[in-house]
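Structure data follow from my_file15.cif (mmCIF, C-alpha atoms):
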data_work
loop_
_atom_site.label_atom_id
_atom_site.label_comp_id
_atom_site.auth_asym_id
_atom_site.auth_seq_id
_atom_site.Cartn_x
_atom_site.Cartn_y
_atom_site.Cartn_z
CA LYS A 1 -11.12 52.26 -17.52
CA GLY A 2 -14.85 52.14 -17.70
CA GLN A 3 -14.94 49.51 -20.46
CA SER A 4 -17.19 46.51 -19.94
CA THR A 5 -15.63 43.06 -19.67
CA PRO A 6 -16.90 40.48 -22.18
CA LEU A 7 -19.03 37.74 -20.67
CA SER A 8 -16.81 34.95 -22.05
CA GLN A 9 -13.75 36.48 -20.42
CA THR A 10 -15.55 36.78 -17.07
CA ILE A 11 -16.60 33.13 -17.21
CA SER A 12 -13.03 32.03 -18.01
CA TYR A 13 -11.75 33.96 -14.99
CA LYS A 14 -14.30 32.24 -12.74
CA VAL A 15 -13.37 28.81 -14.12
CA ILE A 16 -9.70 29.47 -13.38
CA GLU A 17 -10.52 30.63 -9.86
CA MET A 18 -12.70 27.59 -9.17
CA ALA A 19 -10.01 25.30 -10.58
CA ASP A 20 -7.41 26.83 -8.27
CA ILE A 21 -9.73 26.57 -5.26
CA TRP A 22 -10.53 22.94 -6.05
CA LYS A 23 -6.82 22.18 -6.45
CA ILE A 24 -6.01 23.79 -3.10
CA LEU A 25 -8.81 21.97 -1.26
CA THR A 26 -8.06 18.55 -2.73
CA THR A 27 -4.32 18.96 -2.16
CA ILE A 28 -4.81 19.92 1.48
CA LEU A 29 -7.51 17.37 2.31
CA PHE A 30 -6.33 14.35 0.33
CA LYS A 31 -2.56 14.83 -0.01
CA ILE A 32 -1.08 17.07 2.70
CA CYS A 33 -3.17 16.25 5.79
CA PRO A 34 -3.55 12.42 5.70
CA THR A 35 0.10 11.39 6.13
CA PRO A 36 1.04 13.59 9.14
CA LEU A 37 -2.40 12.94 10.67
CA ASP A 38 -1.87 9.19 10.36
CA VAL A 39 1.62 9.30 11.88
CA GLY A 40 0.53 11.73 14.60
CA THR A 41 -2.41 9.63 15.77
CA ASP A 42 -0.25 6.49 15.77
CA ILE A 43 2.35 8.18 17.98
CA TRP A 44 -0.36 9.57 20.26
CA ASN A 45 -1.99 6.15 20.51
CA GLY A 46 1.34 4.51 21.38
CA VAL A 47 2.12 7.07 24.07
CA ASP A 48 -1.38 6.61 25.49
CA PHE A 49 -0.83 2.86 25.76
CA ILE A 50 2.42 3.42 27.67
CA VAL A 51 0.80 5.93 30.04
CA ASN A 52 -2.07 3.50 30.73
CA ASP A 53 0.24 0.66 31.82
CA SER A 54 0.39 -1.13 28.46
CA PRO A 55 4.07 -0.62 27.57
CA ILE A 56 4.26 -3.56 25.18
CA TRP A 57 1.40 -2.34 23.00
CA GLY A 58 2.74 1.22 23.17
CA ALA A 59 6.25 0.18 22.22
CA MET A 60 4.93 -1.79 19.24
CA CYS A 61 2.83 1.17 18.04
CA LEU A 62 5.77 3.54 18.34
CA GLY A 63 8.14 1.03 16.78
CA LEU A 64 5.98 0.73 13.67
CA THR A 65 6.34 4.48 13.07
CA LEU A 66 10.09 3.88 12.58
CA VAL A 67 9.63 1.17 9.93
CA PRO A 68 9.24 3.46 6.85
CA GLY A 69 12.42 5.37 7.73
CA ILE A 70 14.33 2.13 8.32
CA VAL A 71 13.20 0.73 4.97
CA LYS A 72 14.13 3.96 3.21
CA GLY A 73 17.52 4.28 4.91
CA VAL A 74 18.54 0.66 4.39
CA THR A 75 17.42 0.78 0.74
CA LEU A 76 19.51 3.88 0.06
CA PHE A 77 22.48 2.33 1.86
CA VAL A 78 22.29 -0.94 -0.10
CA LYS A 79 21.99 0.93 -3.40
CA GLY A 80 24.83 3.27 -2.44
CA VAL A 81 22.67 6.35 -3.00
CA THR A 82 22.91 9.59 -1.02
CA LEU A 83 21.37 13.01 -1.35
CA TRP A 84 24.69 14.16 -2.85
CA GLY A 85 25.00 11.50 -5.55
CA GLU A 86 25.46 7.78 -6.12
CA LYS A 87 28.86 7.36 -4.58
CA ARG A 88 29.30 4.99 -1.66
CA THR A 89 30.98 7.03 1.08
CA TRP A 90 30.55 7.54 4.79
CA TRP A 91 27.80 10.04 3.90
CA ASN A 92 25.84 7.06 2.66
CA PHE A 93 26.09 5.37 6.05
CA LEU A 94 25.25 8.61 7.83
CA GLY A 95 22.15 9.08 5.69
CA CYS A 96 21.05 5.53 6.52
CA VAL A 97 21.41 6.22 10.25
CA ILE A 98 19.53 9.53 9.98
CA PHE A 99 16.61 7.90 8.15
CA CYS A 100 16.48 5.00 10.60
CA LEU A 101 16.36 7.33 13.62
CA PHE A 102 14.38 10.27 12.30
CA GLY A 103 12.52 8.84 9.30
CA TRP A 104 9.28 8.96 11.30
CA ILE A 105 9.36 12.76 10.93
CA LEU A 106 11.51 13.19 7.79
CA LEU A 107 9.33 11.15 5.44
CA PRO A 108 6.00 12.80 6.43
CA LEU A 109 7.74 16.17 6.25
CA TRP A 110 9.12 15.29 2.82
CA THR A 111 5.63 14.31 1.69
CA VAL A 112 4.04 17.50 3.00
CA ILE A 113 6.71 19.76 1.47
CA GLY A 114 6.41 18.08 -1.92
CA PHE A 115 2.65 18.48 -2.05
CA CYS A 116 2.84 22.04 -0.71
CA LEU A 117 5.18 22.95 -3.56
CA THR A 118 2.52 21.82 -6.02
CA LEU A 119 0.25 24.57 -4.70
CA CYS A 120 2.76 27.10 -6.05
CA GLN A 121 2.30 25.69 -9.54
CA PRO A 122 -0.62 26.61 -11.81
CA ALA A 123 -3.50 24.18 -12.01
CA PRO A 124 -2.42 21.42 -14.43
CA LYS A 125 -4.35 20.71 -17.56
CA PRO A 126 -5.46 17.14 -18.34
CA GLY A 127 -2.39 15.19 -19.34
CA ASP A 128 0.18 17.63 -17.93
CA PRO A 129 3.03 15.85 -16.11
CA ILE A 130 3.72 16.41 -12.44
CA THR A 131 7.12 17.36 -11.07
CA GLN A 132 9.72 14.95 -9.71
CA VAL A 133 9.16 16.45 -6.25
CA GLU A 134 5.50 15.38 -6.32
CA VAL A 135 6.48 11.94 -7.61
CA ASP A 136 8.83 11.54 -4.64
CA SER A 137 6.04 12.66 -2.30
CA HIS A 138 3.75 9.98 -3.70
CA ASP A 139 6.48 7.37 -3.24
CA CYS A 140 7.01 8.40 0.40
CA LYS A 141 3.27 8.21 1.01
CA PHE A 142 3.02 4.73 -0.52
CA LEU A 143 5.98 3.57 1.56
CA GLU A 144 4.33 4.83 4.74
CA VAL A 145 1.02 3.19 3.85
CA ASN A 146 2.45 -0.22 2.95
CA THR A 147 4.64 -0.44 6.05
CA GLU A 148 3.39 1.64 8.98
CA SER A 149 -0.32 1.92 8.18
CA MET A 150 -0.57 -1.77 7.33
CA GLY A 151 1.19 -2.75 10.54
CA GLN A 152 -0.87 -0.35 12.66
CA VAL A 153 -4.16 -1.72 11.34
CA VAL A 154 -3.19 -5.35 11.99
CA LEU A 155 -1.76 -4.46 15.41
CA ASN A 156 -4.74 -2.37 16.55
CA VAL A 157 -7.26 -4.99 15.43
CA SER A 158 -5.23 -7.58 17.35
CA ILE A 159 -5.22 -5.32 20.43
CA LEU A 160 -9.00 -4.98 20.23
CA MET A 161 -9.35 -8.77 20.14
CA ILE A 162 -6.87 -9.37 22.96
CA SER A 163 -7.23 -6.45 25.37
CA GLY A 164 -10.39 -4.68 24.25
CA LEU A 165 -10.92 -0.93 24.29
CA GLN A 166 -8.79 1.49 26.26
CA GLU A 167 -10.11 4.12 28.63
CA LYS A 168 -12.15 7.05 27.35
CA LYS A 169 -10.05 9.93 26.04
CA PHE A 170 -12.67 12.24 24.52
CA LEU A 171 -16.14 10.81 23.95
CA PHE A 172 -16.28 7.06 24.55
CA PRO A 173 -14.00 4.18 25.60
CA GLY A 174 -11.31 3.45 23.03
CA ASP A 175 -12.00 6.61 21.02
CA LEU A 176 -8.31 7.41 20.41
CA GLN A 177 -7.60 3.76 19.62
CA LEU A 178 -10.43 3.61 17.07
CA LEU A 179 -9.42 6.99 15.62
CA SER A 180 -5.88 5.79 14.92
CA LEU A 181 -7.22 2.54 13.44
CA SER A 182 -9.75 4.33 11.24
CA ILE A 183 -7.25 6.83 9.82
CA SER A 184 -4.75 4.08 8.97
CA PHE A 185 -7.50 2.01 7.35
CA ILE A 186 -8.70 4.98 5.27
CA MET A 187 -5.11 5.65 4.19
CA ILE A 188 -4.78 2.07 2.97
CA ILE A 189 -8.02 2.16 0.98
CA LYS A 190 -7.24 5.57 -0.49
CA SER A 191 -3.72 4.62 -1.55
CA ALA A 192 -4.79 1.27 -3.05
CA GLY A 193 -6.52 3.01 -5.95
CA GLU A 194 -3.74 5.55 -6.44
CA GLN A 195 -1.06 2.85 -6.58
CA HIS A 196 -2.96 0.96 -9.28
CA PHE A 197 -2.55 3.77 -11.83
CA PHE A 198 0.54 5.46 -10.42
CA ARG A 199 2.75 2.47 -11.23
CA ARG A 200 1.77 2.69 -14.87
CA THR A 201 2.68 6.35 -15.40
CA PRO A 202 4.26 8.00 -12.33
CA TYR A 203 4.38 11.42 -13.96
CA TYR A 204 0.73 11.24 -15.05
CA PRO A 205 -1.20 10.13 -11.96
CA PRO A 206 -4.92 9.31 -12.09
CA SER A 207 -7.72 11.66 -11.28
CA PHE A 208 -9.53 11.46 -7.95
CA GLY A 209 -12.52 9.73 -9.56
CA GLU A 210 -10.38 7.05 -11.20
CA SER A 211 -8.50 6.16 -8.03
CA PHE A 212 -11.70 6.28 -5.95
CA LEU A 213 -13.41 3.66 -8.14
CA VAL A 214 -10.40 1.35 -7.95
CA SER A 215 -10.31 1.76 -4.15
CA ILE A 216 -13.93 0.60 -3.98
CA VAL A 217 -13.13 -2.41 -6.16
CA LEU A 218 -10.16 -3.39 -3.95
CA CYS A 219 -12.00 -2.75 -0.66
CA PRO A 220 -13.17 -6.40 -0.20
CA ASP A 221 -9.58 -7.65 -0.47
CA ILE A 222 -8.44 -5.18 2.18
CA ILE A 223 -11.28 -6.07 4.58
CA PHE A 224 -10.59 -9.79 4.26
CA ARG A 225 -6.89 -9.41 5.02
CA VAL A 226 -7.39 -6.89 7.81
CA LEU A 227 -9.67 -9.36 9.62
CA ALA A 228 -7.93 -12.63 8.76
CA LEU A 229 -4.30 -11.71 9.51
CA PRO A 230 -4.97 -10.57 13.13
CA LEU A 231 -7.02 -13.70 13.82
CA VAL A 232 -4.22 -15.93 12.59
CA CYS A 233 -1.59 -13.95 14.51
CA ILE A 234 -3.32 -13.79 17.91
CA TYR A 235 -4.46 -17.41 17.97
CA LEU A 236 -1.39 -19.06 16.43
CA ARG A 237 1.14 -16.64 17.89
CA TRP A 238 4.63 -17.65 16.74
CA LEU A 239 3.17 -20.34 14.51
CA SER A 240 1.63 -17.54 12.40
CA ILE A 241 5.09 -16.93 10.93
CA ALA A 242 4.59 -20.02 8.74
CA PRO A 243 1.54 -18.76 6.76
CA ILE A 244 2.99 -15.24 6.50
CA VAL A 245 6.27 -16.55 5.09
CA ALA A 246 4.33 -18.81 2.73
CA ILE A 247 2.34 -15.83 1.45
CA LEU A 248 5.47 -13.76 0.84
CA CYS A 249 7.24 -16.61 -0.95
CA LEU A 250 4.23 -17.35 -3.15
CA ASN A 251 3.86 -13.66 -3.95
CA TYR A 252 7.53 -13.52 -4.92
CA TYR A 253 7.14 -16.58 -7.14
CA GLY A 254 3.92 -15.26 -8.67
CA ALA A 255 5.45 -11.87 -9.43
CA GLY A 256 8.29 -13.50 -11.34
CA LYS A 257 6.13 -16.10 -13.01
CA ARG A 258 3.39 -13.75 -14.13
CA ALA A 259 5.32 -10.56 -14.70
CA GLY A 260 8.26 -12.34 -16.30
CA LYS A 261 6.31 -12.70 -19.51
CA CYS A 262 6.54 -8.94 -19.94
CA GLY A 263 10.12 -8.42 -18.79
CA LEU A 264 9.62 -7.63 -15.07
CA THR A 265 12.03 -10.32 -13.92
CA PHE A 266 14.31 -8.09 -11.87
CA ARG A 267 14.73 -9.25 -8.30
CA GLU A 268 13.99 -5.77 -6.93
CA ASP A 269 10.65 -5.71 -8.74
CA ARG A 270 9.63 -9.12 -7.41
CA LEU A 271 10.69 -8.29 -3.86
CA SER A 272 8.88 -4.96 -3.76
CA THR A 273 5.76 -6.44 -5.35
CA ALA A 274 5.66 -9.39 -2.94
CA ALA A 275 6.23 -7.24 0.15
CA MET A 276 3.96 -4.34 -0.78
CA SER A 277 0.95 -6.43 -1.87
CA VAL A 278 0.21 -7.95 1.54
CA ILE A 279 -2.72 -5.73 2.50
CA SER A 280 -4.04 -5.11 -1.05
CA PRO A 281 -3.18 -6.42 -4.54
CA SER A 282 -0.61 -4.16 -6.19
CA VAL A 283 2.36 -4.30 -8.55
CA PHE A 284 5.41 -2.24 -7.61
CA ILE A 285 8.12 -1.30 -10.10
CA ASN A 286 11.42 0.28 -9.14
CA GLY A 287 12.69 3.55 -10.55
CA TYR A 288 14.91 2.22 -13.32
CA SER A 289 12.05 0.21 -14.77
CA ASN A 290 10.06 3.39 -15.30
CA GLU A 291 12.18 3.98 -18.40
CA VAL A 292 10.45 1.11 -20.16
CA LEU A 293 6.85 1.61 -19.09
CA ARG A 294 5.88 2.47 -22.65
CA VAL A 295 6.99 -0.94 -23.90
CA VAL A 296 6.12 -3.12 -20.91
CA GLU A 297 2.55 -4.32 -20.59
CA ILE A 298 1.74 -3.04 -17.08
CA PRO A 299 -2.07 -3.48 -17.22
CA THR A 300 -1.75 -7.13 -18.21
CA ILE A 301 0.80 -7.68 -15.45
CA GLN A 302 -1.56 -6.17 -12.91
CA LYS A 303 -4.47 -8.29 -14.04
CA ASP A 304 -2.49 -11.54 -13.88
CA TYR A 305 -0.76 -10.78 -10.58
CA TYR A 306 -3.94 -9.60 -8.84
CA SER A 307 -5.51 -12.95 -9.66
CA TRP A 308 -2.45 -14.82 -8.36
CA ASN A 309 -2.32 -12.67 -5.22
CA ARG A 310 -5.97 -13.27 -4.33
CA LYS A 311 -5.72 -17.01 -4.84
CA THR A 312 -2.54 -17.08 -2.73
CA PHE A 313 -4.20 -15.39 0.23
CA ALA A 314 -7.29 -17.55 -0.03
CA GLY A 315 -5.23 -20.74 -0.35
CA VAL A 316 -3.05 -19.92 2.68
CA LEU A 317 -5.43 -18.10 5.03
CA PHE A 318 -8.43 -20.42 4.69
CA PRO A 319 -6.54 -23.53 5.96
CA SER A 320 -4.97 -21.36 8.68
CA LEU A 321 -8.40 -20.19 9.81
CA ILE A 322 -9.69 -23.76 9.87
CA LEU A 323 -6.72 -24.74 12.06
CA VAL A 324 -7.44 -21.78 14.35
CA ALA A 325 -11.10 -22.81 14.63
CA ILE A 326 -10.12 -26.37 15.56
CA LEU A 327 -7.60 -25.24 18.17
CA VAL A 328 -9.95 -22.66 19.67
CA ASN A 329 -12.77 -25.13 20.10
CA THR A 330 -10.49 -27.80 21.59
CA THR A 331 -8.17 -25.77 23.83
CA PHE A 332 -10.74 -23.41 25.30
CA VAL A 333 -12.72 -26.32 26.77
CA ASP A 334 -9.94 -26.69 29.31
CA GLU A 335 -8.17 -23.40 29.89
CA PHE A 336 -4.91 -25.14 30.68
CA GLY A 337 -5.26 -28.14 28.41
CA PRO A 338 -2.12 -29.99 27.19
CA LEU A 339 -2.47 -28.82 23.58
CA CYS A 340 -2.78 -25.24 24.76
CA GLN A 341 0.39 -25.51 26.83
CA ILE A 342 2.40 -27.24 24.12
CA LEU A 343 1.53 -24.71 21.41
CA SER A 344 1.51 -21.73 23.82
CA LEU A 345 -1.82 -20.55 22.43
CA PRO A 346 -3.73 -17.56 23.80
CA GLY A 347 -6.16 -20.04 25.38
CA CYS A 348 -3.74 -20.11 28.31
CA SER A 349 -4.54 -16.45 28.97
CA PRO A 350 -8.10 -15.12 28.60
CA LEU A 351 -9.00 -12.89 25.65
CA THR A 352 -11.78 -10.37 25.26
CA ILE A 353 -13.21 -12.58 22.50
CA THR A 354 -15.24 -15.54 23.66
CA VAL A 355 -15.49 -18.83 21.82
CA ASP A 356 -19.07 -18.08 20.77
CA GLN A 357 -18.08 -14.67 19.40
CA PHE A 358 -15.31 -16.32 17.42
CA ASN A 359 -17.53 -19.13 16.10
CA TYR A 360 -20.65 -17.15 15.26
CA ILE A 361 -19.38 -13.66 14.42
CA LEU A 362 -15.71 -13.35 13.54
CA LEU A 363 -15.07 -16.60 11.70
CA PRO A 364 -18.19 -16.41 9.43
CA LEU A 365 -17.45 -12.75 8.68
CA VAL A 366 -13.86 -13.49 7.66
CA ILE A 367 -14.82 -16.53 5.57
CA LEU A 368 -17.59 -14.64 3.78
CA SER A 369 -15.28 -11.73 2.97
CA GLY A 370 -12.66 -14.18 1.69
CA LEU A 371 -15.18 -15.99 -0.51
CA PHE A 372 -16.37 -12.62 -1.78
CA THR A 373 -12.84 -11.80 -2.97
CA LEU A 374 -12.77 -15.06 -4.95
CA VAL A 375 -16.16 -14.34 -6.50
CA HIS A 376 -14.92 -10.82 -7.09
CA GLN A 377 -11.93 -12.28 -8.96
CA PHE A 378 -14.17 -14.37 -11.23
CA LEU A 379 -16.20 -11.25 -12.02
CA SER A 380 -13.12 -9.13 -12.71
CA ASN A 381 -13.45 -9.71 -16.44
CA THR A 382 -16.97 -8.29 -16.51
CA ALA A 383 -17.46 -4.75 -17.71
CA PHE A 384 -18.71 -3.65 -14.28
CA LEU A 385 -15.38 -4.40 -12.56
CA ALA A 386 -12.94 -4.33 -15.47
CA ARG A 387 -13.85 -0.81 -16.58
CA PRO A 388 -12.73 0.95 -13.34
CA MET A 389 -9.52 -1.11 -13.26
CA ARG A 390 -8.75 -0.45 -16.95
CA TYR A 391 -6.88 -3.72 -17.24
CA GLU A 392 -6.75 -3.40 -21.02
CA GLU A 393 -5.83 0.28 -21.15
CA GLN A 394 -2.59 2.18 -20.73
CA ILE A 395 -2.82 5.77 -19.50
CA ALA A 396 -1.52 7.95 -22.31
CA LYS A 397 0.52 11.11 -21.76
CA ASP A 398 -2.18 13.31 -23.25
CA GLY A 399 -4.63 12.24 -20.57
CA ARG A 400 -6.65 9.92 -22.81
CA PRO A 401 -6.64 6.15 -22.32
CA GLN A 402 -5.28 4.09 -25.15
CA SER A 403 -5.52 0.40 -25.87
CA ALA A 404 -2.77 -1.67 -24.34
CA GLU A 405 -0.83 -3.90 -26.71
CA ASN A 406 -0.58 -7.55 -25.81
CA LYS A 407 2.61 -7.97 -27.78
CA LEU A 408 5.97 -6.46 -26.93
CA PRO A 409 8.04 -4.66 -29.55
CA SER A 410 10.84 -6.69 -31.06
CA SER A 411 13.45 -4.39 -29.49
CA THR A 412 12.51 -5.68 -26.03
CA LYS A 413 12.70 -9.43 -26.69
CA LYS A 414 16.05 -9.74 -24.93
CA MET A 415 15.81 -6.78 -22.60
CA TRP A 416 15.55 -8.85 -19.40
CA PHE A 417 19.17 -10.04 -19.56
CA GLY A 418 20.54 -6.85 -18.03
CA ARG A 419 19.49 -3.54 -16.55
CA ASP A 420 21.64 -1.39 -18.86
CA CYS A 421 20.45 -3.30 -21.87
CA LEU A 422 16.86 -2.84 -20.66
CA VAL A 423 17.12 0.93 -20.63
CA SER A 424 19.07 1.05 -23.88
CA CYS A 425 16.62 -1.10 -25.78
CA ALA A 426 13.69 0.91 -24.42
CA ALA A 427 15.38 4.10 -25.59
CA GLY A 428 15.51 2.70 -29.11
CA ASP A 429 19.20 1.89 -29.18
CA ASN A 430 19.27 -1.09 -31.52
CA HIS A 431 23.06 -1.14 -31.60
CA VAL A 432 23.31 -2.53 -28.07
CA ASP A 433 24.10 -6.22 -28.07
CA CYS A 434 21.46 -7.40 -25.61
#

Rewrite the structure of this file - the entire thing - as structure tokens.
Amino acid sequence: KGQSTPLSQTISYKVIEMADIWKILTTILFKICPTPLDVGTDIWNGVDFIVNDSPIWGAMCLGLTLVPGIVKGVTLFVKGVTLWGEKRTWWNFLGCVIFCLFGWILLPLWTVIGFCLTLCQPAPKPGDPITQVEVDSHDCKFLEVNTESMGQVVLNVSILMISGLQEKKFLFPGDLQLLSLSISFIMIIKSAGEQHFFRRTPYYPPSFGESFLVSIVLCPDIIFRVLALPLVCIYLRWLSIAPIVAILCLNYYGAGKRAGKCGLTFREDRLSTAAMSVISPSVFINGYSNEVLRVVEIPTIQKDYYSWNRKTFAGVLFPSLILVAILVNTTFVDEFGPLCQILSLPGCSPLTITVDQFNYILLPLVILSGLFTLVHQFLSNTAFLARPMRYEEQIAKDGRPQSAENKLPSSTKKMWFGRDCLVSCAAGDNHVDC
């Protein structure tokens, strides 16, 4: 009505507008687009392999897109959970079948819808909790990353070593193949930092800067495993099952041994942690354990288990790589040597990688990256690496970090004897006979 607007009020309006714009851009670029883009390029890459007379590679690429849905459906079936409640009925079995068959589109759609709904909410203030829908979207994204993206990266690197690049699709030979590999690799690195803080406080996720710094810190571990696992798989073939099983078993033992000091002795926690920390160090906690995050020392668990996880991979993969180097340099002298035929090694069929490329490029690169992770582990206590990881800090609900206690409250001393007792003791019910 002709009255002038105060300058302070104008500035506040602009800040709100910029905050909303930044929220929309970050949500679209870093939350909504990556998951369907990753799944879409994987499906396109698999179909392209089939069209170009590589049905085995194509079937494996397409099959990996079904893995997240299968894991989700089987998990819900075993727990007796359906979308209509926790009652084991034929709806439970039907939901399992639906997820197994159509999870490749349901889970990305679930993720996209959950993050799109956050755009309808006002820009959160520091420390404001996120909705359960967004928490579920994060869980679906982490499931897709730790199953499909991990498998696609290992598979595509193996394909590059065995068959080389495919025909040109857009700009250069193997462009679609490298695009699918790059997007999956970026998804893994991006999610590694988010998982580190998300498991501490699911309803209070980290900022972009916090997760980005942790992703950089964990990047050497991811590079080492992305290069070492394909080498072991393509040169040892079926014999590679032995080191992979050894890694999973040692991870399971380490999760119970290390995390057990703080009460994370549930079998579900150990299984999820062992299975989901193959491509990068991470600690996974199931939903019911979230009730006791305020009394369980998550940062200390992460610090101890990351150290165990890195030493496990170095202790298993280094001897495996030495065995691969010995076999490569002995079986490739004679293409059809007796050792090659007995072990059914790839030396019986030519690869795109020559012996010299393996000896002077791949093997030194993998060993150096593995040694760097060990050096990285020794330096993890320094301020330069410990500060981004916040090993000694728990994320508080008001958005400010607080010091993590190294001692559990007395009400949780016996909480690991049962799940119901665990939740009751965490809720402050001292009348429960734990």

- [ ] For the file shown, report as an MDAnalysis selection string the outcome of the PyMOL selection byres ((chain A and resi 116) around 10) at residue level.
- [x] chainID A and resid 24 27:28 31:32 110:115 117:121 134

- [ ] Return the single residue from A:Lys311, A:Lys23, A:Lys168, A:Arg237 that is closest to Val324 (chain A), with distances computed using only C-alpha atoms.
- [x]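 Checking each candidate against Val324 (chain A), we get A:Arg237 as the closest.
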
Task: Proximity to Pro299 (chain A) - best of A:Ser369, A:Gln357, A:Thr201, A:Ser54, all atoms listed in the file - done: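 Comparing A:Ser369, A:Gln357, A:Thr201, A:Ser54 against Pro299 (chain A), the winner is A:Thr201.
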
Task: Residue neighbourhood Val245 (chain A), 12 Å, only C-alpha atoms, exclusion window fewer than 5 positions, as a PyMOL selection string - done: chain A and resi 238-240+250-252+274-275+278+312-313+316-317

Task: Evaluate the PyMOL selection byres ((chain A and resi 231-233) around 9) and report residues as a PyMOL selection string - done: chain A and resi 157-158+161+227-230+234-241+243+317+320-321+324+362-363

- [ ] Please provide the set of residues having any atom within 12 Å of Met150 (chain A), restricted to all atoms listed in the file, with same-chain residues fewer than 2 positions apart removed, written as a PyMOL selection string.
- [x] chain A and resi 38+42+61+64-65+67-68+142-148+152-157+180-189+191-192+222-223+225-226+229-230+275-280

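Proximity to Thr300 (chain A) was assessed for A:Ile361, A:Met389, A:Ile285, A:Val375 counting all atoms listed in the file; the smallest distance is recorded for A:Met389.
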
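When all atoms listed in the file are used to compute distances to Ser163 (chain A), the closest of the residues A:Phe77, A:Phe208, A:Trp57, A:Phe198 turns out to be A:Trp57.
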
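For the pair CA of Phe170 (chain A) and CA of Pro108 (chain A), the separation is 26.0 Å.
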
Task: For CA of Phe212 (chain A) and CA of Pro388 (chain A), the interatomic separation in Å (one decimal) - done: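 These two atoms are separated by 9.2 Å.
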
Open item on the list: Report, in Å to a single decimal, how far apart CA of Leu106 (chain A) and CA of Pro281 (chain A) are.
Closed with: 27.4 Å

TODO: List, as a list in words, every residue that the PyMOL selection byres ((chain A and resi 355) around 8) selects in the file provided.
DONE: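 This file, filtered by the PyMOL selection byres ((chain A and resi 355) around 8), leaves Val328, Asn329, Phe332, Ile353, Thr354, Asp356, Gln357, Phe358 and Asn359 of chain A.
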
Open item on the list: Ranking A:Ala314, A:Val133, A:Val217, A:Ala242 by minimum distance to Arg387 (chain A) and counting only C-alpha atoms, which one comes first?
Closed with: A:Val217

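Minimum atom-to-atom distance to Glu167 (chain A), evaluated using all atoms listed in the file, belongs to A:Phe49 out of A:Phe49, A:Leu379, A:Tyr305, A:Leu327.
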